[in-house]
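Colleague: First the structure, which I've put down as structure tokens, then a few questions once you've had a look.
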Amino acid sequence: GAEGKRIALEERWPPAAPSLRTDPVLLQQILVNLLTNAVRHSPEGGTVTLEVEVRDGHASLHVIDEGPGIPVELHAKIFEPFERVDPNSGGGTGLGLPVSRRLAEVLGGQLGVDSAPGRGARFTLILPLDPPAE
């Protein structure tokens, strides 16, 4: 895990962040998946950042790593079950990202990625502050 590779975890929260009315179990599962991936793809001694932004009735949770990055043409593929685009990443079921995207949709949100080779990856989970009424 993070200890073995000496990965630093940095958190950035907005001042007076509003509470997020969502399913904490599902949210935790998504964040654990994203953070585990970020650590797995980070270089020794790297930093993984969890950054939270709030605007327009949504919370954006960014998980940012300093890994090798993901070519744009593979961005859709990484959300497909069992696709592992980095043969050197070790471990992983190939299900973390597809499951995370599905859970994000269950929570009324979305999960996307911004990345390019050589500049790490930034996964963004966007969730409504107030979930739609049932």
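Each chain of the structure tokens is named A, B, ... in the order shown, its residues numbered from 1; ligands are numbered from 1 in display order.
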Please provide as a PyMOL selection string all residues within 7 Å of Phe123 in chain A, with the sequence filter that same-chain residues fewer than 3 positions apart are discarded (counting only C-alpha atoms).
Modeller: chain A and resi 62-64+112-114
Colleague: Return as a tab-separated table the residues of range 41-128 of chain A lying at most 8 Å from range 8-22 of chain A, together with the closest atom-to-atom pair for each and the distance in Å to one decimal, counting only C-alpha atoms, with rows in chain order and ascending residue number.
Modeller:
```
residue	atom	partner	partner_atom	distance
A:Gly45	CA	A:Ala8	CA	7.1
A:Gly46	CA	A:Ala8	CA	6.4
A:Thr47	CA	A:Ala8	CA	4.6
A:Val48	CA	A:Leu9	CA	5.0
A:Thr49	CA	A:Glu10	CA	4.6
A:Leu50	CA	A:Glu11	CA	4.8
A:Glu51	CA	A:Arg12	CA	4.6
A:Val52	CA	A:Trp13	CA	5.1
A:Glu53	CA	A:Pro14	CA	6.3
A:Val54	CA	A:Ala17	CA	7.4
A:Ala59	CA	A:Leu20	CA	7.7
A:Leu107	CA	A:Thr22	CA	6.7
A:Pro128	CA	A:Leu20	CA	7.9
```
Colleague: Give the answer as one residue: which of A:Gly94, A:Ile70, A:Glu80, A:Asp130 has the shortest atom-to-atom distance to Ala116 in chain A, using only C-alpha atoms?
Modeller: A:Ile70
Colleague: Which one is closest to Leu127 in chain A: A:Lys5, A:Arg101, A:Lys77, A:Arg40? Count only C-alpha atoms.
Modeller: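 Looking at the shortest contact to Leu127 in chain A, the residue is A:Arg101.
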Colleague: Name the residues of chain A that come out as strand (DSSP E) in a backbone DSSP run; write them as an MDAnalysis selection string.
Modeller: chainID A and resid 8:12 47:55 58:64 110:115 121:128
Colleague: With N, CA and C atoms retained, write the just-selected residues as an mmCIF file, in the first residue's frame.
Modeller:
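Dumped to result24.cif:
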```
data_model
loop_
_atom_site.group_PDB
_atom_site.id
_atom_site.type_symbol
_atom_site.label_atom_id
_atom_site.label_comp_id
_atom_site.auth_asym_id
_atom_site.auth_seq_id
_atom_site.Cartn_x
_atom_site.Cartn_y
_atom_site.Cartn_z
ATOM 1 N N ALA A 8 2.751 9.937 -0.255
ATOM 2 C CA ALA A 8 2.123 10.929 0.627
ATOM 3 C C ALA A 8 0.694 11.171 0.145
ATOM 4 N N LEU A 9 -0.249 11.255 1.081
ATOM 5 C CA LEU A 9 -1.631 11.580 0.737
ATOM 6 C C LEU A 9 -1.907 13.000 1.186
ATOM 7 N N GLU A 10 -2.270 13.821 0.235
ATOM 8 C CA GLU A 10 -2.557 15.222 0.538
ATOM 9 C C GLU A 10 -4.048 15.439 0.348
ATOM 10 N N GLU A 11 -4.661 16.171 1.262
ATOM 11 C CA GLU A 11 -6.103 16.454 1.140
ATOM 12 C C GLU A 11 -6.312 17.953 1.070
ATOM 13 N N ARG A 12 -7.178 18.367 0.161
ATOM 14 C CA ARG A 12 -7.524 19.794 0.048
ATOM 15 C C ARG A 12 -9.043 19.923 0.082
ATOM 16 N N THR A 47 3.087 11.632 -4.585
ATOM 17 C CA THR A 47 1.983 12.193 -3.807
ATOM 18 C C THR A 47 0.667 11.889 -4.513
ATOM 19 N N VAL A 48 -0.317 11.467 -3.735
ATOM 20 C CA VAL A 48 -1.683 11.318 -4.228
ATOM 21 C C VAL A 48 -2.500 12.398 -3.532
ATOM 22 N N THR A 49 -3.277 13.130 -4.298
ATOM 23 C CA THR A 49 -4.039 14.248 -3.741
ATOM 24 C C THR A 49 -5.536 13.986 -3.871
ATOM 25 N N LEU A 50 -6.251 14.208 -2.770
ATOM 26 C CA LEU A 50 -7.712 14.210 -2.773
ATOM 27 C C LEU A 50 -8.138 15.659 -2.614
ATOM 28 N N GLU A 51 -8.786 16.194 -3.638
ATOM 29 C CA GLU A 51 -9.166 17.595 -3.642
ATOM 30 C C GLU A 51 -10.682 17.682 -3.794
ATOM 31 N N VAL A 52 -11.306 18.499 -2.969
ATOM 32 C CA VAL A 52 -12.763 18.643 -3.008
ATOM 33 C C VAL A 52 -13.106 20.077 -3.380
ATOM 34 N N GLU A 53 -13.971 20.217 -4.382
ATOM 35 C CA GLU A 53 -14.459 21.533 -4.797
ATOM 36 C C GLU A 53 -15.973 21.510 -4.748
ATOM 37 N N VAL A 54 -16.565 22.656 -4.440
ATOM 38 C CA VAL A 54 -18.019 22.750 -4.409
ATOM 39 C C VAL A 54 -18.452 23.926 -5.270
ATOM 40 N N ARG A 55 -19.362 23.649 -6.223
ATOM 41 C CA ARG A 55 -19.935 24.756 -6.990
ATOM 42 C C ARG A 55 -21.189 24.296 -7.728
ATOM 43 N N HIS A 58 -23.064 21.109 -6.787
ATOM 44 C CA HIS A 58 -22.362 19.833 -6.910
ATOM 45 C C HIS A 58 -21.061 19.857 -6.124
ATOM 46 N N ALA A 59 -20.670 18.687 -5.678
ATOM 47 C CA ALA A 59 -19.343 18.514 -5.097
ATOM 48 C C ALA A 59 -18.510 17.736 -6.109
ATOM 49 N N SER A 60 -17.300 18.207 -6.357
ATOM 50 C CA SER A 60 -16.357 17.494 -7.223
ATOM 51 C C SER A 60 -15.225 16.979 -6.354
ATOM 52 N N LEU A 61 -15.038 15.666 -6.377
ATOM 53 C CA LEU A 61 -13.952 15.057 -5.619
ATOM 54 C C LEU A 61 -12.919 14.573 -6.618
ATOM 55 N N HIS A 62 -11.738 15.153 -6.556
ATOM 56 C CA HIS A 62 -10.666 14.816 -7.494
ATOM 57 C C HIS A 62 -9.640 13.932 -6.789
ATOM 58 N N VAL A 63 -9.278 12.837 -7.427
ATOM 59 C CA VAL A 63 -8.172 12.010 -6.952
ATOM 60 C C VAL A 63 -7.075 12.124 -8.005
ATOM 61 N N ILE A 64 -5.948 12.710 -7.596
ATOM 62 C CA ILE A 64 -4.895 13.081 -8.534
ATOM 63 C C ILE A 64 -3.628 12.292 -8.203
ATOM 64 N N GLN A 110 -21.457 11.344 -11.561
ATOM 65 C CA GLN A 110 -20.689 10.794 -12.669
ATOM 66 C C GLN A 110 -19.221 10.736 -12.293
ATOM 67 N N LEU A 111 -18.501 9.858 -12.985
ATOM 68 C CA LEU A 111 -17.074 9.678 -12.745
ATOM 69 C C LEU A 111 -16.355 9.768 -14.075
ATOM 70 N N GLY A 112 -15.349 10.614 -14.139
ATOM 71 C CA GLY A 112 -14.597 10.767 -15.374
ATOM 72 C C GLY A 112 -13.111 10.886 -15.077
ATOM 73 N N VAL A 113 -12.324 10.957 -16.148
ATOM 74 C CA VAL A 113 -10.873 11.045 -15.993
ATOM 75 C C VAL A 113 -10.311 12.107 -16.920
ATOM 76 N N ASP A 114 -9.270 12.767 -16.444
ATOM 77 C CA ASP A 114 -8.504 13.705 -17.250
ATOM 78 C C ASP A 114 -7.054 13.282 -17.107
ATOM 79 N N SER A 115 -6.449 12.860 -18.202
ATOM 80 C CA SER A 115 -5.087 12.355 -18.105
ATOM 81 C C SER A 115 -4.435 12.354 -19.469
ATOM 82 N N ALA A 121 -2.764 11.174 -13.607
ATOM 83 C CA ALA A 121 -4.194 11.065 -13.891
ATOM 84 C C ALA A 121 -4.972 11.810 -12.817
ATOM 85 N N ARG A 122 -6.111 12.358 -13.238
ATOM 86 C CA ARG A 122 -7.004 13.074 -12.328
ATOM 87 C C ARG A 122 -8.398 12.489 -12.557
ATOM 88 N N PHE A 123 -8.855 11.703 -11.585
ATOM 89 C CA PHE A 123 -10.207 11.151 -11.648
ATOM 90 C C PHE A 123 -11.130 12.087 -10.894
ATOM 91 N N THR A 124 -12.265 12.407 -11.496
ATOM 92 C CA THR A 124 -13.199 13.343 -10.873
ATOM 93 C C THR A 124 -14.558 12.685 -10.691
ATOM 94 N N LEU A 125 -14.987 12.666 -9.433
ATOM 95 C CA LEU A 125 -16.318 12.187 -9.069
ATOM 96 C C LEU A 125 -17.165 13.414 -8.797
ATOM 97 N N ILE A 126 -18.231 13.583 -9.559
ATOM 98 C CA ILE A 126 -19.125 14.728 -9.378
ATOM 99 C C ILE A 126 -20.435 14.210 -8.794
ATOM 100 N N LEU A 127 -20.810 14.758 -7.651
ATOM 101 C CA LEU A 127 -22.039 14.335 -6.984
ATOM 102 C C LEU A 127 -22.905 15.537 -6.671
ATOM 103 N N PRO A 128 -24.236 15.381 -6.790
ATOM 104 C CA PRO A 128 -25.128 16.484 -6.391
ATOM 105 C C PRO A 128 -25.088 16.640 -4.868
#
```
Colleague: Run DSSP on the backbone and give me the residues of chain A it puts in alpha helix (DSSP H), as JSON, numbers by chain.
Modeller: {"A": [2, 3, 4, 5, 24, 25, 26, 27, 28, 29, 30, 31, 32, 33, 34, 35, 36, 37, 38, 39, 40, 41, 96, 97, 98, 99, 100, 101, 102, 103, 104, 105, 106]}
Colleague: Rank A:Pro68, A:Gly118, A:Pro81, A:Gly4 by their smallest atom-to-atom distance to Ser100 in chain A, using only C-alpha atoms, and report the top residue only.
Modeller: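 With only C-alpha atoms as the atom set, the closest residue is A:Pro81.
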Colleague: If you measure from CA of Leu129 in chain A to CA of Gly57 in chain A, what distance in Å do you get, rounded to one decimal?
Modeller: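 Distance reported for this atom pair: 5.5 Å.
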Colleague: For each of A:Asp23, A:Glu73, A:Glu105, A:Glu66, take the minimum atom-to-atom distance to Val39 in chain A, counting only C-alpha atoms, then give the residue where this is smallest.
Modeller: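 Smallest separation from Val39 in chain A among the options: A:Glu66.
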Colleague: Mind giving me the straight-line distance from CA of Val106 in chain A to CA of Leu26 in chain A in Å, one decimal?
Modeller: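 Separation of CA of Val106 in chain A and CA of Leu26 in chain A: 8.8 Å.
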Colleague: Set the distance at 8 Å and use only C-alpha atoms: which residues neighbour Phe79 in chain A once local chain neighbours fewer than 3 positions away are removed? I'd like the list as number ranges by chain.
Modeller: A: 75-76, 83, 97-98, 101
Colleague: Write to file, as a PDB file, in the first residue's frame, the residues of the selection just made, with all heavy atoms.
Modeller:
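Listing of part_15.pdb after writing:
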```pdb
ATOM      1  N   HIS A  75      -9.165   6.363 -22.414  1.00  0.00           N
ATOM      2  CA  HIS A  75     -10.000   6.857 -21.315  1.00  0.00           C
ATOM      3  C   HIS A  75     -11.314   6.084 -21.188  1.00  0.00           C
ATOM      4  O   HIS A  75     -11.740   5.774 -20.086  1.00  0.00           O
ATOM      5  CB  HIS A  75     -10.269   8.357 -21.465  1.00  0.00           C
ATOM      6  CG  HIS A  75      -9.067   9.201 -21.137  1.00  0.00           C
ATOM      7  ND1 HIS A  75      -9.141  10.564 -21.014  1.00  0.00           N
ATOM      8  CD2 HIS A  75      -7.770   8.881 -20.915  1.00  0.00           C
ATOM      9  CE1 HIS A  75      -7.934  11.046 -20.729  1.00  0.00           C
ATOM     10  NE2 HIS A  75      -7.086  10.043 -20.671  1.00  0.00           N
ATOM     11  N   ALA A  76     -11.967   5.771 -22.307  1.00  0.00           N
ATOM     12  CA  ALA A  76     -13.230   5.029 -22.226  1.00  0.00           C
ATOM     13  C   ALA A  76     -12.974   3.582 -21.819  1.00  0.00           C
ATOM     14  O   ALA A  76     -13.731   2.989 -21.045  1.00  0.00           O
ATOM     15  CB  ALA A  76     -13.964   5.075 -23.567  1.00  0.00           C
ATOM     16  N   GLU A  83     -10.610  -4.577 -18.161  1.00  0.00           N
ATOM     17  CA  GLU A  83      -9.599  -3.956 -19.025  1.00  0.00           C
ATOM     18  C   GLU A  83      -8.486  -3.426 -18.128  1.00  0.00           C
ATOM     19  O   GLU A  83      -8.727  -2.623 -17.235  1.00  0.00           O
ATOM     20  CB  GLU A  83     -10.204  -2.791 -19.834  1.00  0.00           C
ATOM     21  CG  GLU A  83     -11.120  -3.237 -20.930  1.00  0.00           C
ATOM     22  CD  GLU A  83     -10.401  -3.957 -22.059  1.00  0.00           C
ATOM     23  OE1 GLU A  83      -9.175  -3.824 -22.184  1.00  0.00           O
ATOM     24  OE2 GLU A  83     -11.081  -4.668 -22.816  1.00  0.00           O
ATOM     25  N   LEU A  97     -12.644   0.555 -11.504  1.00  0.00           N
ATOM     26  CA  LEU A  97     -13.181   1.733 -12.181  1.00  0.00           C
ATOM     27  C   LEU A  97     -14.587   1.502 -12.733  1.00  0.00           C
ATOM     28  O   LEU A  97     -15.449   2.364 -12.571  1.00  0.00           O
ATOM     29  CB  LEU A  97     -12.226   2.199 -13.288  1.00  0.00           C
ATOM     30  CG  LEU A  97     -10.929   2.838 -12.765  1.00  0.00           C
ATOM     31  CD1 LEU A  97      -9.986   3.141 -13.917  1.00  0.00           C
ATOM     32  CD2 LEU A  97     -11.226   4.099 -11.966  1.00  0.00           C
ATOM     33  N   PRO A  98     -14.860   0.365 -13.395  1.00  0.00           N
ATOM     34  CA  PRO A  98     -16.247   0.143 -13.854  1.00  0.00           C
ATOM     35  C   PRO A  98     -17.252   0.159 -12.700  1.00  0.00           C
ATOM     36  O   PRO A  98     -18.323   0.762 -12.808  1.00  0.00           O
ATOM     37  CB  PRO A  98     -16.196  -1.235 -14.517  1.00  0.00           C
ATOM     38  CG  PRO A  98     -14.771  -1.436 -14.889  1.00  0.00           C
ATOM     39  CD  PRO A  98     -13.960  -0.686 -13.863  1.00  0.00           C
ATOM     40  N   ARG A 101     -17.698   3.760 -11.459  1.00  0.00           N
ATOM     41  CA  ARG A 101     -18.532   4.585 -12.347  1.00  0.00           C
ATOM     42  C   ARG A 101     -20.003   4.232 -12.145  1.00  0.00           C
ATOM     43  O   ARG A 101     -20.863   5.113 -12.088  1.00  0.00           O
ATOM     44  CB  ARG A 101     -18.128   4.390 -13.807  1.00  0.00           C
ATOM     45  CG  ARG A 101     -19.068   5.119 -14.755  1.00  0.00           C
ATOM     46  CD  ARG A 101     -18.554   5.194 -16.166  1.00  0.00           C
ATOM     47  NE  ARG A 101     -17.738   6.378 -16.353  1.00  0.00           N
ATOM     48  CZ  ARG A 101     -17.195   6.719 -17.524  1.00  0.00           C
ATOM     49  NH1 ARG A 101     -17.335   5.947 -18.580  1.00  0.00           N
ATOM     50  NH2 ARG A 101     -16.489   7.828 -17.632  1.00  0.00           N
TER      51      ARG A 101
END
```
